[in-house]
Amino acid sequence: MKKFMIGLLFIILLSTTLSANAETVVLKANSYDKLENAYFDYHNIHVLSNQEGNFFWWTGTEFIKCSLLDTKFTKSDDLIEWSDIDMSDDARMKISRQYSANIKHYGDKYIVYDEIFNPSIIIDKMERTHGPIIMPIYILDENFNLLCEVQLDNPLTDFEYVDGVYYIETQEYTKLGPQKYESKNNIYYSYDAIDWQIDNERSSMPQSNGRNSLVFQGELVNFNASDYRFEVKDMFIEKNKSDLIKVVQERPITCYYKAKGDIYVEMQSDNSNTFRISRDGVYSVDIAIPEYSGNISGSEYVNSCNLWKDKLVLWTRKRLVEYDMADIEDVLNEKCPSDTPYIEFNGNILGFDVPPVIEDGSTLVPMRFLFEQMGADVEWDGKTQTATATIDNKAVTFSIDNVNARINNKPAKMDVPARLVNGKTMVPLRFLSENMGYDVDWDADSRTAIIKDI
């Protein structure tokens, strides 16, 4: 690790002026409204229906659909040409009976599992005891021959394949009182998807997009009458099982956060206007969800998200909303370039609302959130566009587009002037750190600026 050199690298802190929010990006999106007979007509495929239509999956290597009328399985690479899958009657019937079946091609096997992400469904089934809540996992070889069944003790809530290892998450619930439950995660792992061991070192599932791995810790929350959801409290970047670096977000993550291909997708269960995409779980971009124009009444919220080959598809009770992954990649390349630096403070990576940017050789990052982490007070004068940050007995005052500043009311000069970009105030970190009792180291390997006490 080497020190910042004067004139070589400046980190600039981007702080929120008043209540400015992150930019929301509008992308081209296609909507497939639910029809009268309760299915979605997706590229001429009747997806999901009570009476007719198809179960429909993207396995990671091909599309598979299963007719609800005759449980016939077919596959396709392009949604146009379909070929029959030679599958035993026993395997066909078992898969089609799953409550919410998912099929993934992980490693050299197809994994069929019944994932119940919504805890309200599990708790309701526990209370009312209507229908099975623990379905087996079916393991098939690449020729769709059934190899084995894995029976779980508790409902499966997640299945992941990370760095050649299969992971299962199950959750058990203990009733503590009326409408109050305690949940416990159990994590299992396998190298062949057949022999499974409990992972005593993990309490949460890893999520990986091939770039990094994330781990989430949360709790079960009763948020509306008898409705429950898991709310994320902490997120970590995982280097290995015992080496976790906490990510502190300016806008906390609360609900759904999943790896979809080489990106992460975050959705709020009570937000049908936007969702967030990220490459690393640290910096993200808000994407607009187009307004619903159909004739189905009632509220709309995003239930889940699927990656269907080169399309990202959001599910609501009224429609499917489809985005082109190429457009999403373009947005991330523009808003969150792969060389974006990270900022570490008190051992935590800071997930700023607006990602750091590099301008004329200087690195720009958000300020207000960092000052809050430091415990500093920030005042903003909109008329003069002047900010004052105070911590202990130190006060730094600076104005937009002006290299002149004041330290404890004494004149000083910054190497780079403060800026206002997209409603955010920007000031050099070296100047800030030197005058507020901090120093900054630069770790070139991880592209991380590490803020330390002097």
# chains A, B, ... in the order shown; residues from 1 in each chain; ligands from 1
>>> select_by_dssp(residues="segment 293-397 of chain A", states="alpha helix (DSSP H)", output="PDB file with C-alpha atoms, in the first residue's frame")
ATOM      1  CA  MET A 325     -29.389  -6.844 -20.727  1.00  0.00           C
ATOM      2  CA  ALA A 326     -27.260  -5.016 -23.288  1.00  0.00           C
ATOM      3  CA  ASP A 327     -28.985  -1.749 -22.278  1.00  0.00           C
ATOM      4  CA  ILE A 328     -28.409  -2.517 -18.604  1.00  0.00           C
ATOM      5  CA  GLU A 329     -24.732  -3.223 -19.256  1.00  0.00           C
ATOM      6  CA  ASP A 330     -24.421   0.068 -21.141  1.00  0.00           C
ATOM      7  CA  VAL A 331     -25.927   1.966 -18.189  1.00  0.00           C
ATOM      8  CA  LEU A 332     -23.565   0.296 -15.721  1.00  0.00           C
ATOM      9  CA  ASN A 333     -20.596   1.010 -17.971  1.00  0.00           C
ATOM     10  CA  GLU A 334     -21.581   4.662 -18.048  1.00  0.00           C
ATOM     11  CA  LYS A 335     -22.671   5.183 -14.430  1.00  0.00           C
ATOM     12  CA  ARG A 368     -22.367  14.043   3.036  1.00  0.00           C
ATOM     13  CA  PHE A 369     -22.649  10.322   3.725  1.00  0.00           C
ATOM     14  CA  LEU A 370     -18.959  10.121   4.612  1.00  0.00           C
ATOM     15  CA  PHE A 371     -19.248  13.106   6.952  1.00  0.00           C
ATOM     16  CA  GLU A 372     -22.166  11.369   8.639  1.00  0.00           C
ATOM     17  CA  GLN A 373     -20.005   8.255   9.074  1.00  0.00           C
ATOM     18  CA  MET A 374     -17.282  10.432  10.612  1.00  0.00           C
TER      19      MET A 374
END
>>> residues_around(residues="Asn54 of chain A", least_positions_apart="6", cutoff="7 Å", atoms="only C-alpha atoms", output="ChimeraX atom specification")
/A:46-48,65-68
>>> select_by_dssp(residues="segment 21-211 of chain A", states="strand (DSSP E)", output="PyMOL selection string")
chain A and resi 24-25+29-33+40-42+45-47+54-58+63-67+73-76+83-84+101-106+109-114+137-140+146-150+156-162+165-177+180-190+197-198+206-208
>>> write_last_selection(atoms="C-alpha atoms", output="PDB file, in the first residue's frame")
ATOM      1  CA  THR A  24     -33.292   7.388 -12.176  1.00  0.00           C
ATOM      2  CA  VAL A  25     -32.444   6.020 -15.611  1.00  0.00           C
ATOM      3  CA  ALA A  29     -38.904  -1.787 -21.613  1.00  0.00           C
ATOM      4  CA  ASN A  30     -41.502  -4.165 -23.002  1.00  0.00           C
ATOM      5  CA  SER A  31     -44.598  -4.999 -20.954  1.00  0.00           C
ATOM      6  CA  TYR A  32     -46.569  -8.228 -21.290  1.00  0.00           C
ATOM      7  CA  ASP A  33     -49.866  -7.743 -19.476  1.00  0.00           C
ATOM      8  CA  PHE A  40     -48.847 -13.807 -19.763  1.00  0.00           C
ATOM      9  CA  ASP A  41     -48.346 -13.938 -23.511  1.00  0.00           C
ATOM     10  CA  TYR A  42     -44.550 -13.741 -23.605  1.00  0.00           C
ATOM     11  CA  ILE A  45     -45.637 -18.412 -25.168  1.00  0.00           C
ATOM     12  CA  HIS A  46     -48.460 -18.681 -22.662  1.00  0.00           C
ATOM     13  CA  VAL A  47     -46.549 -18.384 -19.401  1.00  0.00           C
ATOM     14  CA  ASN A  54     -46.826 -23.413 -19.620  1.00  0.00           C
ATOM     15  CA  PHE A  55     -44.349 -23.450 -16.829  1.00  0.00           C
ATOM     16  CA  PHE A  56     -41.395 -21.591 -18.275  1.00  0.00           C
ATOM     17  CA  TRP A  57     -37.718 -21.434 -17.313  1.00  0.00           C
ATOM     18  CA  TRP A  58     -34.337 -20.237 -18.490  1.00  0.00           C
ATOM     19  CA  PHE A  63     -35.284 -22.284 -22.327  1.00  0.00           C
ATOM     20  CA  ILE A  64     -37.548 -25.074 -21.084  1.00  0.00           C
ATOM     21  CA  LYS A  65     -41.326 -25.066 -21.051  1.00  0.00           C
ATOM     22  CA  CYS A  66     -43.788 -27.576 -19.682  1.00  0.00           C
ATOM     23  CA  SER A  67     -47.390 -27.690 -20.845  1.00  0.00           C
ATOM     24  CA  PHE A  73     -41.299 -30.773 -21.703  1.00  0.00           C
ATOM     25  CA  THR A  74     -39.615 -29.019 -24.628  1.00  0.00           C
ATOM     26  CA  LYS A  75     -36.479 -26.865 -24.955  1.00  0.00           C
ATOM     27  CA  SER A  76     -35.247 -24.049 -27.170  1.00  0.00           C
ATOM     28  CA  SER A  83     -37.544 -29.783 -29.476  1.00  0.00           C
ATOM     29  CA  ASP A  84     -38.936 -32.485 -27.176  1.00  0.00           C
ATOM     30  CA  ALA A 101     -40.584 -25.044  -9.511  1.00  0.00           C
ATOM     31  CA  ASN A 102     -37.285 -23.690 -10.765  1.00  0.00           C
ATOM     32  CA  ILE A 103     -34.883 -25.475 -13.119  1.00  0.00           C
ATOM     33  CA  LYS A 104     -31.214 -24.531 -13.326  1.00  0.00           C
ATOM     34  CA  HIS A 105     -28.325 -26.040 -15.266  1.00  0.00           C
ATOM     35  CA  TYR A 106     -25.508 -25.808 -12.744  1.00  0.00           C
ATOM     36  CA  LYS A 109     -26.471 -31.304 -13.655  1.00  0.00           C
ATOM     37  CA  TYR A 110     -29.981 -29.938 -13.865  1.00  0.00           C
ATOM     38  CA  ILE A 111     -31.351 -28.921 -10.469  1.00  0.00           C
ATOM     39  CA  VAL A 112     -35.118 -28.777  -9.938  1.00  0.00           C
ATOM     40  CA  TYR A 113     -36.181 -27.146  -6.718  1.00  0.00           C
ATOM     41  CA  ASP A 114     -39.242 -25.556  -5.166  1.00  0.00           C
ATOM     42  CA  ILE A 137     -34.947 -31.267  -4.735  1.00  0.00           C
ATOM     43  CA  TYR A 138     -34.592 -33.342  -7.906  1.00  0.00           C
ATOM     44  CA  ILE A 139     -31.137 -33.851  -9.410  1.00  0.00           C
ATOM     45  CA  LEU A 140     -30.974 -34.778 -13.111  1.00  0.00           C
ATOM     46  CA  LEU A 146     -33.322 -38.466 -12.613  1.00  0.00           C
ATOM     47  CA  LEU A 147     -30.274 -39.181 -10.449  1.00  0.00           C
ATOM     48  CA  CYS A 148     -31.636 -38.632  -6.958  1.00  0.00           C
ATOM     49  CA  GLU A 149     -34.025 -36.765  -4.693  1.00  0.00           C
ATOM     50  CA  VAL A 150     -32.855 -34.611  -1.791  1.00  0.00           C
ATOM     51  CA  LEU A 156     -36.026 -24.249   0.870  1.00  0.00           C
ATOM     52  CA  THR A 157     -35.694 -20.489   0.494  1.00  0.00           C
ATOM     53  CA  ASP A 158     -32.632 -20.220  -1.757  1.00  0.00           C
ATOM     54  CA  PHE A 159     -30.392 -22.300  -4.017  1.00  0.00           C
ATOM     55  CA  GLU A 160     -27.083 -20.990  -5.373  1.00  0.00           C
ATOM     56  CA  TYR A 161     -24.098 -22.257  -7.334  1.00  0.00           C
ATOM     57  CA  VAL A 162     -20.957 -20.307  -6.422  1.00  0.00           C
ATOM     58  CA  VAL A 165     -20.100 -25.379  -5.065  1.00  0.00           C
ATOM     59  CA  TYR A 166     -23.854 -25.978  -4.682  1.00  0.00           C
ATOM     60  CA  TYR A 167     -25.554 -24.243  -1.728  1.00  0.00           C
ATOM     61  CA  ILE A 168     -28.995 -24.697  -0.169  1.00  0.00           C
ATOM     62  CA  GLU A 169     -30.639 -22.372   2.328  1.00  0.00           C
ATOM     63  CA  THR A 170     -33.554 -23.562   4.433  1.00  0.00           C
ATOM     64  CA  GLN A 171     -35.420 -21.669   7.134  1.00  0.00           C
ATOM     65  CA  GLU A 172     -37.235 -22.894  10.185  1.00  0.00           C
ATOM     66  CA  TYR A 173     -39.714 -20.803  12.152  1.00  0.00           C
ATOM     67  CA  THR A 174     -40.470 -20.695  15.859  1.00  0.00           C
ATOM     68  CA  LYS A 175     -43.672 -18.983  16.938  1.00  0.00           C
ATOM     69  CA  LEU A 176     -43.004 -16.472  19.721  1.00  0.00           C
ATOM     70  CA  GLY A 177     -46.468 -14.996  19.961  1.00  0.00           C
ATOM     71  CA  LYS A 180     -44.513 -12.983  15.742  1.00  0.00           C
ATOM     72  CA  TYR A 181     -41.991 -15.558  14.568  1.00  0.00           C
ATOM     73  CA  GLU A 182     -38.287 -16.156  14.852  1.00  0.00           C
ATOM     74  CA  SER A 183     -36.460 -17.567  11.841  1.00  0.00           C
ATOM     75  CA  LYS A 184     -33.237 -19.546  11.669  1.00  0.00           C
ATOM     76  CA  ASN A 185     -31.165 -20.148   8.546  1.00  0.00           C
ATOM     77  CA  ASN A 186     -29.501 -23.465   7.810  1.00  0.00           C
ATOM     78  CA  ILE A 187     -26.940 -23.596   5.002  1.00  0.00           C
ATOM     79  CA  TYR A 188     -25.931 -26.818   3.236  1.00  0.00           C
ATOM     80  CA  TYR A 189     -23.262 -27.346   0.594  1.00  0.00           C
ATOM     81  CA  SER A 190     -22.299 -30.023  -1.909  1.00  0.00           C
ATOM     82  CA  GLN A 197     -23.310 -31.378   4.370  1.00  0.00           C
ATOM     83  CA  ILE A 198     -24.446 -28.671   6.742  1.00  0.00           C
ATOM     84  CA  PRO A 206     -23.465 -16.348  -0.645  1.00  0.00           C
ATOM     85  CA  GLN A 207     -24.587 -14.493  -3.754  1.00  0.00           C
ATOM     86  CA  SER A 208     -22.155 -14.270  -6.667  1.00  0.00           C
TER      87      SER A 208
END
>>> atom_distance(atom1="atom CA of Thr384 of chain A", atom2="atom CA of Thr397 of chain A")
11.7 Å
>>> residues_around(residues="Phe216 of chain A", least_positions_apart="3", cutoff="8 Å", atoms="only C-alpha atoms", output="MDAnalysis selection string")
chainID A and resid 204:206 232:236
>>> residues_around(residues="segment 256-261 of chain A", least_positions_apart="2", cutoff="8 Å", atoms="only C-alpha atoms", output="mmCIF file with N, CA and C atoms, in the first residue's frame")
data_model
loop_
_atom_site.group_PDB
_atom_site.id
_atom_site.type_symbol
_atom_site.label_atom_id
_atom_site.label_comp_id
_atom_site.auth_asym_id
_atom_site.auth_seq_id
_atom_site.Cartn_x
_atom_site.Cartn_y
_atom_site.Cartn_z
ATOM 1 N N GLN A 207 -24.077 -14.861 -2.435
ATOM 2 C CA GLN A 207 -24.587 -14.493 -3.754
ATOM 3 C C GLN A 207 -23.380 -14.109 -4.603
ATOM 4 N N SER A 208 -23.299 -14.606 -5.827
ATOM 5 C CA SER A 208 -22.155 -14.270 -6.667
ATOM 6 C C SER A 208 -22.608 -14.005 -8.090
ATOM 7 N N ASN A 209 -22.020 -12.961 -8.680
ATOM 8 C CA ASN A 209 -22.266 -12.652 -10.083
ATOM 9 C C ASN A 209 -21.031 -12.929 -10.929
ATOM 10 N N GLY A 210 -20.076 -13.673 -10.351
ATOM 11 C CA GLY A 210 -18.840 -13.980 -11.056
ATOM 12 C C GLY A 210 -17.767 -12.936 -10.850
ATOM 13 N N ILE A 253 -30.374 -1.296 1.833
ATOM 14 C CA ILE A 253 -31.111 -2.353 1.148
ATOM 15 C C ILE A 253 -32.089 -2.944 2.154
ATOM 16 N N THR A 254 -33.291 -3.261 1.707
ATOM 17 C CA THR A 254 -34.253 -3.818 2.652
ATOM 18 C C THR A 254 -34.732 -5.216 2.273
ATOM 19 N N ILE A 263 -24.785 -9.388 -12.932
ATOM 20 C CA ILE A 263 -25.195 -8.195 -12.193
ATOM 21 C C ILE A 263 -25.969 -8.616 -10.944
ATOM 22 N N TYR A 264 -26.164 -7.658 -10.040
ATOM 23 C CA TYR A 264 -27.063 -7.833 -8.904
ATOM 24 C C TYR A 264 -28.292 -6.961 -9.132
ATOM 25 N N VAL A 265 -29.446 -7.471 -8.695
ATOM 26 C CA VAL A 265 -30.702 -6.745 -8.830
ATOM 27 C C VAL A 265 -31.329 -6.600 -7.447
ATOM 28 N N GLU A 266 -31.733 -5.369 -7.121
ATOM 29 C CA GLU A 266 -32.417 -5.109 -5.859
ATOM 30 C C GLU A 266 -33.802 -4.567 -6.142
ATOM 31 N N MET A 267 -34.791 -5.126 -5.455
ATOM 32 C CA MET A 267 -36.170 -4.652 -5.585
ATOM 33 C C MET A 267 -36.760 -4.440 -4.203
ATOM 34 N N GLN A 268 -37.544 -3.394 -4.073
ATOM 35 C CA GLN A 268 -38.284 -3.137 -2.847
ATOM 36 C C GLN A 268 -39.693 -3.679 -3.024
ATOM 37 N N SER A 269 -40.178 -4.441 -2.054
ATOM 38 C CA SER A 269 -41.485 -5.082 -2.210
ATOM 39 C C SER A 269 -42.626 -4.076 -2.272
ATOM 40 N N SER A 304 -40.821 -10.763 -8.184
ATOM 41 C CA SER A 304 -39.542 -11.430 -8.373
ATOM 42 C C SER A 304 -38.926 -10.961 -9.684
ATOM 43 N N ASN A 306 -36.338 -12.436 -13.065
ATOM 44 C CA ASN A 306 -35.683 -13.543 -13.748
ATOM 45 C C ASN A 306 -34.738 -13.038 -14.825
ATOM 46 N N LEU A 307 -33.661 -13.759 -15.021
ATOM 47 C CA LEU A 307 -32.801 -13.542 -16.175
ATOM 48 C C LEU A 307 -33.154 -14.600 -17.198
#
